[in-house]
Every structure is written in C-alpha cells, then in structure tokens.
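Raw work.txt, compact mmCIF, C-alpha atoms:
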# COMPACT_ATOMS: atom_id res chain seq x y z
CA MET L 1 -7.74 1.46 -1.71
CA ILE L 2 -8.30 1.13 2.03
CA ILE L 3 -7.73 4.25 4.12
CA PHE L 4 -6.39 3.34 7.57
CA PRO L 5 -6.78 6.17 10.10
CA ASP L 6 -3.67 6.03 12.25
CA ILE L 7 -3.78 6.54 16.02
CA GLU L 8 -0.37 6.56 17.68
CA LEU L 9 -0.29 6.30 21.45
CA MET L 10 2.23 7.33 24.06
CA ASP L 11 1.39 7.36 27.78
CA GLY L 12 -2.24 6.78 26.82
CA LYS L 13 -2.41 9.94 24.70
CA CYS L 14 -2.67 10.58 20.95
CA VAL L 15 0.63 11.76 19.54
CA ASN L 16 2.56 12.05 16.32
CA LEU L 17 6.30 12.03 15.85
CA HIS L 18 7.89 15.11 14.31
CA HIS L 19 10.53 13.75 11.93
CA GLY L 20 10.29 10.47 13.82
CA HIS L 21 11.77 11.87 17.02
CA LEU L 22 10.42 9.73 19.86
CA GLU L 23 11.77 12.10 22.48
CA SER L 24 9.70 15.09 21.28
CA PRO L 25 6.26 13.89 20.14
CA ILE L 26 3.49 16.19 19.00
CA HIS L 27 0.59 15.82 21.45
CA TYR L 28 -3.03 16.11 20.36
CA ASP L 29 -5.58 17.21 22.93
CA VAL L 30 -8.13 14.55 22.05
CA ASP L 31 -9.36 11.37 23.68
CA PRO L 32 -8.02 8.37 21.72
CA VAL L 33 -11.15 6.25 22.17
CA GLU L 34 -13.47 9.08 21.17
CA THR L 35 -11.22 9.84 18.20
CA ALA L 36 -11.33 6.23 17.03
CA LEU L 37 -15.12 6.12 17.32
CA LYS L 38 -15.37 9.41 15.42
CA PHE L 39 -13.28 7.95 12.61
CA VAL L 40 -15.63 4.97 12.43
CA GLU L 41 -18.66 7.30 12.45
CA GLN L 42 -17.12 9.11 9.49
CA GLY L 43 -16.85 5.88 7.55
CA ALA L 44 -13.54 4.24 8.43
CA THR L 45 -13.68 0.50 7.78
CA ASN L 46 -10.31 -0.26 9.41
CA LEU L 47 -8.11 1.32 12.08
CA HIS L 48 -4.34 1.26 12.55
CA LEU L 49 -3.13 1.61 16.16
CA VAL L 50 0.48 1.95 17.29
CA ASP L 51 1.83 1.59 20.82
CA LEU L 52 4.83 3.93 20.60
CA ASP L 53 5.96 3.10 24.11
CA GLY L 54 6.08 -0.50 22.96
CA VAL L 55 8.23 0.51 19.98
CA VAL L 56 10.79 1.98 22.39
CA GLN L 57 10.63 -0.53 25.24
CA GLY L 58 8.94 -3.62 23.85
CA GLY L 59 5.88 -5.10 25.49
CA LYS L 60 2.42 -3.63 26.03
CA HIS L 61 2.18 -0.09 27.43
CA ASN L 62 -1.08 1.28 26.00
CA ALA L 63 -3.02 -1.98 25.97
CA GLU L 64 -5.94 -0.71 28.06
CA VAL L 65 -6.72 2.11 25.64
CA ILE L 66 -6.14 -0.04 22.56
CA CYS L 67 -8.35 -2.84 23.88
CA GLU L 68 -11.13 -0.35 24.62
CA ILE L 69 -10.92 0.88 21.04
CA ILE L 70 -10.99 -2.69 19.72
CA ASP L 71 -14.03 -3.50 21.88
CA LYS L 72 -16.00 -0.39 20.89
CA ALA L 73 -14.99 0.36 17.30
CA GLY L 74 -16.81 -2.47 15.55
CA VAL L 75 -14.32 -2.49 12.66
CA PRO L 76 -11.12 -4.50 12.12
CA VAL L 77 -8.15 -3.09 14.02
CA GLN L 78 -4.50 -3.78 13.26
CA VAL L 79 -2.10 -3.21 16.16
CA GLY L 80 1.64 -2.59 16.10
CA GLY L 81 4.39 -1.60 18.49
CA GLY L 82 6.52 -3.80 20.72
CA ILE L 83 5.20 -7.18 19.54
CA ARG L 84 8.33 -9.30 19.69
CA THR L 85 7.28 -12.65 21.18
CA MET L 86 4.71 -15.34 20.42
CA THR L 87 3.13 -14.67 23.81
CA SER L 88 2.62 -11.02 22.92
CA ALA L 89 1.24 -11.86 19.48
CA GLN L 90 -1.21 -14.35 20.93
CA TRP L 91 -2.27 -11.85 23.60
CA TRP L 92 -3.31 -9.30 21.00
CA PHE L 93 -5.23 -11.83 18.94
CA ASP L 94 -6.94 -13.10 22.10
CA HIS L 95 -7.94 -9.50 22.86
CA GLY L 96 -9.55 -8.84 19.50
CA ALA L 97 -6.89 -7.51 17.16
CA LYS L 98 -7.70 -8.45 13.60
CA ARG L 99 -4.09 -8.21 12.49
CA ILE L 100 -0.78 -7.44 14.15
CA VAL L 101 2.04 -5.39 12.66
CA LEU L 102 5.65 -6.45 13.16
CA GLY L 103 8.39 -3.92 12.42
CA THR L 104 11.85 -4.36 13.89
CA ALA L 105 11.01 -7.93 14.91
CA ALA L 106 10.07 -8.81 11.33
CA VAL L 107 13.30 -7.40 9.94
CA MET L 108 15.69 -8.74 12.58
CA ASP L 109 14.10 -12.05 13.62
CA ARG L 110 12.88 -13.98 10.58
CA HIS L 111 12.41 -17.19 12.60
CA PHE L 112 9.95 -15.41 14.87
CA LEU L 113 8.18 -13.89 11.89
CA GLN L 114 7.75 -17.26 10.20
CA GLU L 115 6.49 -18.80 13.44
CA VAL L 116 3.86 -16.11 13.93
CA CYS L 117 2.74 -16.33 10.30
CA SER L 118 2.48 -20.10 10.59
CA HIS L 119 0.27 -19.87 13.69
CA TYR L 120 -1.84 -16.97 12.39
CA PRO L 121 -2.03 -17.16 8.58
CA GLY L 122 -3.43 -14.08 6.90
CA ARG L 123 -3.22 -11.99 10.06
CA VAL L 124 0.39 -10.79 10.21
CA VAL L 125 1.54 -7.58 8.54
CA ALA L 126 5.22 -6.62 8.30
CA SER L 127 6.38 -3.03 8.34
CA ILE L 128 9.46 -1.61 6.64
CA ASP L 129 10.70 1.90 7.40
CA ALA L 130 13.39 3.15 5.02
CA LYS L 131 15.56 6.25 4.72
CA ASP L 132 18.05 6.96 1.94
CA ASP L 133 17.43 3.44 0.60
CA HIS L 134 18.34 1.74 3.89
CA VAL L 135 15.92 -0.02 6.21
CA MET L 136 15.69 1.60 9.65
CA VAL L 137 14.84 -0.28 12.86
CA ASN L 138 14.18 0.49 16.52
CA GLY L 139 11.87 3.43 15.89
CA TRP L 140 13.89 4.97 13.03
CA ARG L 141 16.91 5.23 15.32
CA GLU L 142 19.18 2.60 13.77
CA SER L 143 20.13 2.08 10.14
CA THR L 144 20.77 -1.34 8.64
CA ALA L 145 22.75 -2.37 5.60
CA PHE L 146 19.62 -3.71 3.88
CA THR L 147 17.67 -1.99 1.11
CA PRO L 148 13.88 -1.96 1.47
CA LEU L 149 13.43 -4.07 -1.65
CA GLU L 150 15.84 -6.73 -0.36
CA VAL L 151 13.94 -6.96 2.90
CA GLY L 152 10.60 -6.85 1.13
CA HIS L 153 11.45 -9.86 -1.03
CA ALA L 154 12.59 -11.79 2.04
CA LEU L 155 9.55 -10.90 4.12
CA GLN L 156 6.96 -11.78 1.51
CA ASP L 157 8.24 -15.34 1.53
CA SER L 158 7.68 -15.57 5.29
CA GLY L 159 3.90 -15.71 4.98
CA ILE L 160 2.87 -12.14 5.76
CA CYS L 161 -0.46 -10.99 4.34
CA ALA L 162 0.62 -7.41 3.57
CA LEU L 163 3.55 -5.04 3.87
CA ILE L 164 3.47 -1.51 5.25
CA TYR L 165 6.13 0.64 3.62
CA THR L 166 7.16 3.96 5.12
CA ASP L 167 9.40 6.21 3.04
CA ILE L 168 10.93 8.30 5.82
CA ASN L 169 12.36 10.85 3.40
CA TYR L 170 8.86 11.53 2.10
CA ASP L 171 7.38 11.58 5.60
CA ILE L 172 9.86 14.19 6.86
CA ASP L 173 9.60 16.34 3.71
CA HIS L 174 13.11 15.68 2.47
CA ALA L 175 13.85 18.04 -0.41
CA GLU L 176 14.55 15.22 -2.88
CA ALA L 177 11.79 12.87 -1.75
CA THR L 178 9.55 11.32 -4.40
CA LEU L 179 7.22 8.34 -4.65
CA ALA L 180 9.89 6.43 -6.56
CA THR L 181 10.78 3.95 -3.81
CA THR L 182 7.14 3.40 -2.90
CA THR L 183 6.44 2.75 -6.58
CA GLU L 184 9.34 0.30 -6.77
CA MET L 185 8.19 -1.60 -3.69
CA ALA L 186 4.63 -1.89 -4.95
CA SER L 187 5.72 -2.90 -8.45
CA GLU L 188 8.32 -5.48 -7.49
CA LEU L 189 6.49 -7.27 -4.67
CA ARG L 190 3.60 -9.68 -5.16
CA ILE L 191 1.96 -9.05 -1.77
CA PRO L 192 -0.33 -6.07 -1.08
CA VAL L 193 1.58 -2.93 -0.10
CA ILE L 194 0.17 -0.32 2.29
CA SER L 195 1.80 3.08 2.01
CA SER L 196 2.60 5.08 5.14
CA GLY L 197 3.96 8.58 5.55
CA THR L 198 3.00 9.65 2.03
CA VAL L 199 -0.42 11.30 2.53
CA LYS L 200 -0.35 15.00 3.28
CA THR L 201 -3.08 16.10 0.86
CA LEU L 202 -5.90 14.51 -1.11
CA ASP L 203 -3.70 14.67 -4.20
CA ASP L 204 -1.33 12.23 -2.51
CA ILE L 205 -4.14 9.69 -2.22
CA SER L 206 -4.95 10.16 -5.90
CA ARG L 207 -1.30 9.60 -6.80
CA LEU L 208 -1.09 6.45 -4.71
CA GLN L 209 -4.15 5.05 -6.46
CA LEU L 210 -2.31 5.20 -9.75
CA LEU L 211 0.46 2.96 -8.47
CA PRO L 212 0.18 -0.79 -9.03
CA ASN L 213 -0.38 -3.02 -6.01
CA ILE L 214 -1.06 -0.27 -3.45
CA ALA L 215 -3.76 -1.81 -1.27
CA GLY L 216 -4.08 0.99 1.25
CA ALA L 217 -2.72 4.13 2.85
CA ILE L 218 -2.14 4.86 6.52
CA VAL L 219 -3.15 8.44 7.30
CA GLY L 220 -2.47 10.03 10.66
CA ARG L 221 -0.89 13.48 10.88
CA ALA L 222 -2.93 14.85 7.97
CA LEU L 223 -6.17 13.90 9.74
CA PHE L 224 -5.11 15.30 13.10
CA ASN L 225 -3.83 18.61 11.75
CA GLY L 226 -6.88 19.08 9.54
CA SER L 227 -5.12 19.17 6.17
CA VAL L 228 -7.23 16.18 5.06
CA SER L 229 -10.70 15.21 6.23
CA LEU L 230 -11.41 11.52 6.61
CA GLU L 231 -14.62 11.79 4.59
CA ASP L 232 -12.71 13.26 1.65
CA ALA L 233 -9.90 10.72 2.00
CA LEU L 234 -12.37 7.84 1.95
CA ARG L 235 -14.19 9.33 -1.03
CA VAL L 236 -11.02 9.71 -3.08
CA GLY L 237 -9.68 6.35 -1.97
CA SER L 238 -12.85 4.58 -3.09
CA GLN L 239 -12.86 6.02 -6.60
CA ASP L 240 -12.29 3.69 -9.51
CA VAL L 241 -9.11 4.50 -11.40
CA PRO L 242 -7.60 2.89 -14.51
CA ASN L 243 -5.43 -0.12 -13.80
CA PRO L 244 -1.86 1.14 -14.28
CA ALA L 245 -0.85 -2.27 -15.60
CA MET L 246 -3.31 -1.81 -18.47
CA MET L 247 -2.22 1.71 -19.39
Translate this structure into structure tokens?
Amino acid sequence: MIIFPDIELMDGKCVNLHHGHLESPIHYDVDPVETALKFVEQGATNLHLVDLDGVVQGGKHNAEVICEIIDKAGVPVQVGGGIRTMTSAQWWFDHGAKRIVLGTAAVMDRHFLQEVCSHYPGRVVASIDAKDDHVMVNGWRESTAFTPLEVGHALQDSGICALIYTDINYDIDHAEATLATTTEMASELRIPVISSGTVKTLDDISRLQLLPNIAGAIVGRALFNGSVSLEDALRVGSQDVPNPAMM
C-alpha cells in the first residue's frame, strides 16, 4: 500500500483544515519545500499536494511552491485543487506533475473528466468526499444528492486511473464513524482506491491494509502533529498481509 504524504497549501504555507473549515485552517510553521524533501529523505515514494486556494477560487494560487517541490523532490507528485479546465490540466502536466486530482470538477462535469482522461490516460485521479452518505463538493461546503458509490461507479467508467475517497465523518471524528463506507467503496469498485482522512494512528494503516482494493493512503495531519512518523507509516504500509479475498 502506497503512503502518500499530504501537503496542503494556502497562501504558500502548509496548513490543514480543522473539520474541513477553509476559513480557519491550522497553520504549520514549516517550509513546504523543505518538508517535502524531508518526506522523500524519510522514504516517501510519492507525494500528494493540494492547492487549497485553488479549491476555493479555481485556478493556480500556489503553483510556484508546488513546482519547486516537483522539480526538487525526485519522486512522482500528484497535484489537486482548482483544476477545472483542459488548459489548467495541461499546464500541470507540462510542469512535471505525474498525476492530477480532480474533485468537484470530476463530480460535476463528466464531459471534462472524460476529455482529460482521453488526453492523459493513466494520469488522472478523481476524488470523492462524502459525509452522511452524500457526496460533498466545493471544499466540503455543498452537499449533493449523490451517494459516493453511485458517483464512484460513474467515475470509474470515465477512464480515471484511481479514486481518492475521503470519509468526512471519519476525518472529523464523528461519533458513529467507521470504515464501513471506505470498505464498501473499495469492495464494489474495480479501480484502485486511495483512502484519505482515515489515518490517525499506525493501527489505521494496518486496518486499511486488510481491506480489498485499497491501493494507498493519504496521510497529512497525523504526520504534521506527530501522532504518526512517516518511517513507521511506510514500514507498516509495506508489510505483506493476507489477501482479504482469500480469507
């Protein structure tokens, strides 16, 4: 299982969103480029970068920092946040992104999604954020009538190479949150699923490994607050576990 260290950027700084609230981010007093290089030094084989200003406004707002990380990291980088046009998608690929991540645009504009996947096969990842079994868009601020599984089935037929699934209830420590919806997504879809918002401890990584079709986990807050070290996460994520389908 691939561990993707997650660096979220706002105004050029590393942040994390408390309960998804864009208006009150948690700021980390670290340099984003140095942090990315440290993750690579510690063994990261992939990085996940998010332009949060792009999520809110569309377009590129932290491109200079992200491009510096891409140029210096020496590992594949997937970039998300505000990519809503073919011009923007092409710009990121031209500037070294290995893969791009489409969230709201993937859910709300299937024609665009199919066009990007057609032009860049194997390099487009879709992201679904869900709360109370409804897909959320526009930075968790707007609920749709769609269930995550409905959207997942539709998106996998668009040509995406993987799906990031964020269970918002789990991410915000909802009292009744479980891995049930993540399990359902991974079991029912035939494309690789990357779990986001589910890793708070090493035990969470171990649990994800036991789920079928979980190809990776995006880990951000747990690394920045020190509850999980990247070395330990990579070690646990690389362990061989029994294939749940064979159990």
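Of the residues under consideration (L:Lys72, L:Lys200, L:Ala154, L:Pro148), L:Lys200 shows the shortest atom-to-atom contact distance to Asn225 (chain L) when counting all atoms listed in the file.
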For Glu64 (chain L), list every protein, DNA or RNA residue within 10 Å, evaluated using only C-alpha atoms, and leave out those in the same chain fewer than 5 positions away; present the list as a PDB file with C-alpha atoms, in the frame of the given file.
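Saved the output as around-v9.pdb:
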ATOM      1  CA  GLY L  12      -2.240   6.780  26.820  1.00  0.00           C
ATOM      2  CA  ILE L  69     -10.920   0.880  21.040  1.00  0.00           C
ATOM      3  CA  ILE L  70     -10.990  -2.690  19.720  1.00  0.00           C
TER       4      ILE L  70
END
Considering only C-alpha atoms, return as a PDB file with C-alpha atoms, keeping the file's coordinate frame whatever protein or nucleic-acid residues lie within 7 Å of region 94-97 of chain L, sequence-local ones (same chain, fewer than 2 positions apart) excluded.
ATOM      1  CA  CYS L  67      -8.350  -2.840  23.880  1.00  0.00           C
ATOM      2  CA  ILE L  70     -10.990  -2.690  19.720  1.00  0.00           C
ATOM      3  CA  VAL L  77      -8.150  -3.090  14.020  1.00  0.00           C
ATOM      4  CA  GLN L  78      -4.500  -3.780  13.260  1.00  0.00           C
ATOM      5  CA  VAL L  79      -2.100  -3.210  16.160  1.00  0.00           C
ATOM      6  CA  GLN L  90      -1.210 -14.350  20.930  1.00  0.00           C
ATOM      7  CA  TRP L  91      -2.270 -11.850  23.600  1.00  0.00           C
ATOM      8  CA  TRP L  92      -3.310  -9.300  21.000  1.00  0.00           C
ATOM      9  CA  ARG L  99      -4.090  -8.210  12.490  1.00  0.00           C
ATOM     10  CA  ILE L 100      -0.780  -7.440  14.150  1.00  0.00           C
TER      11      ILE L 100
END
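Of the residues listed (L:Lys98, L:Arg141, L:Lys60, L:His27), L:His27 shows the shortest atom-to-atom separation from Phe224 (chain L); distances use all atoms listed in the file.
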Work out where the centre of an axis-aligned box around every listed atom of region 89-108 of chain L lies and how long its edges are once 8 Å is added on each side; give both in Å to one decimal as lines of an AutoDock Vina configuration file.
center_x = 3.1
center_y = -9.1
center_z = 16.8
size_x = 41.2
size_y = 26.4
size_z = 29.7
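Using all atoms listed in the file, the smallest distance between any of L:Val56, L:Ile128, L:Val101, L:Cys117 and Ser195 (chain L) comes from L:Ile128.
Summary of the local environment: counting all atoms listed in the file, residues at most 7 Å from Tyr165 (chain L), other than itself and those fewer than 5 positions away along its chain, are Ser127, Ile128, Asp129, Val193, Ile194, Ser195 and Ser196 of chain L.
Of the listed residues L:Ala145, L:Ile172, L:Ala36, L:Leu202, the one whose atoms come nearest to Pro76 (chain L) is L:Ala36, with distances taken using all atoms listed in the file.
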Which residues are close to Ile26 (chain L), i.e. within 9 Å by all atoms listed in the file, leaving aside same-chain residues fewer than 3 positions away? Reply as a ChimeraX atom specification. /L:14-18
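Of the residues under consideration (L:Gly220, L:Gly59, L:Pro192, L:Gly103), L:Gly59 shows the shortest atom-to-atom contact distance to Thr85 (chain L) when counting all atoms listed in the file.
The two atoms in question, CA of Ile3 (chain L) and CA of Gly216 (chain L), are spaced 5.7 Å apart.
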CA of Gly80 (chain L) to CA of Val50 (chain L) measures 4.8 Å
Point out the residue among L:Ala130, L:Met108, L:Val236, L:Leu189 with the least atom-to-atom distance to Asp171 (chain L), counting all atoms listed in the file. L:Ala130
Using only C-alpha atoms - which residues lie no farther than 12 Å from the point (12.0, 9.9, 0.4) in the file's frame? Write them as number ranges by chain. L: 129-134, 165-183, 196-198
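Neighbours of Val40 (chain L) closer than or equal to 10 Å, with only C-alpha atoms counted and sequence neighbours fewer than 4 positions away skipped, come out as L:Pro5, L:Glu34, L:Thr35, L:Ala36, L:Ala44, L:Thr45, L:Asn46, L:Leu47, L:Ala73, L:Gly74, L:Val75, L:Leu230.
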Could you tell me how far CA of Gly82 (chain L) sits from CA of Val107 (chain L), in Å to one decimal place? 13.2 Å
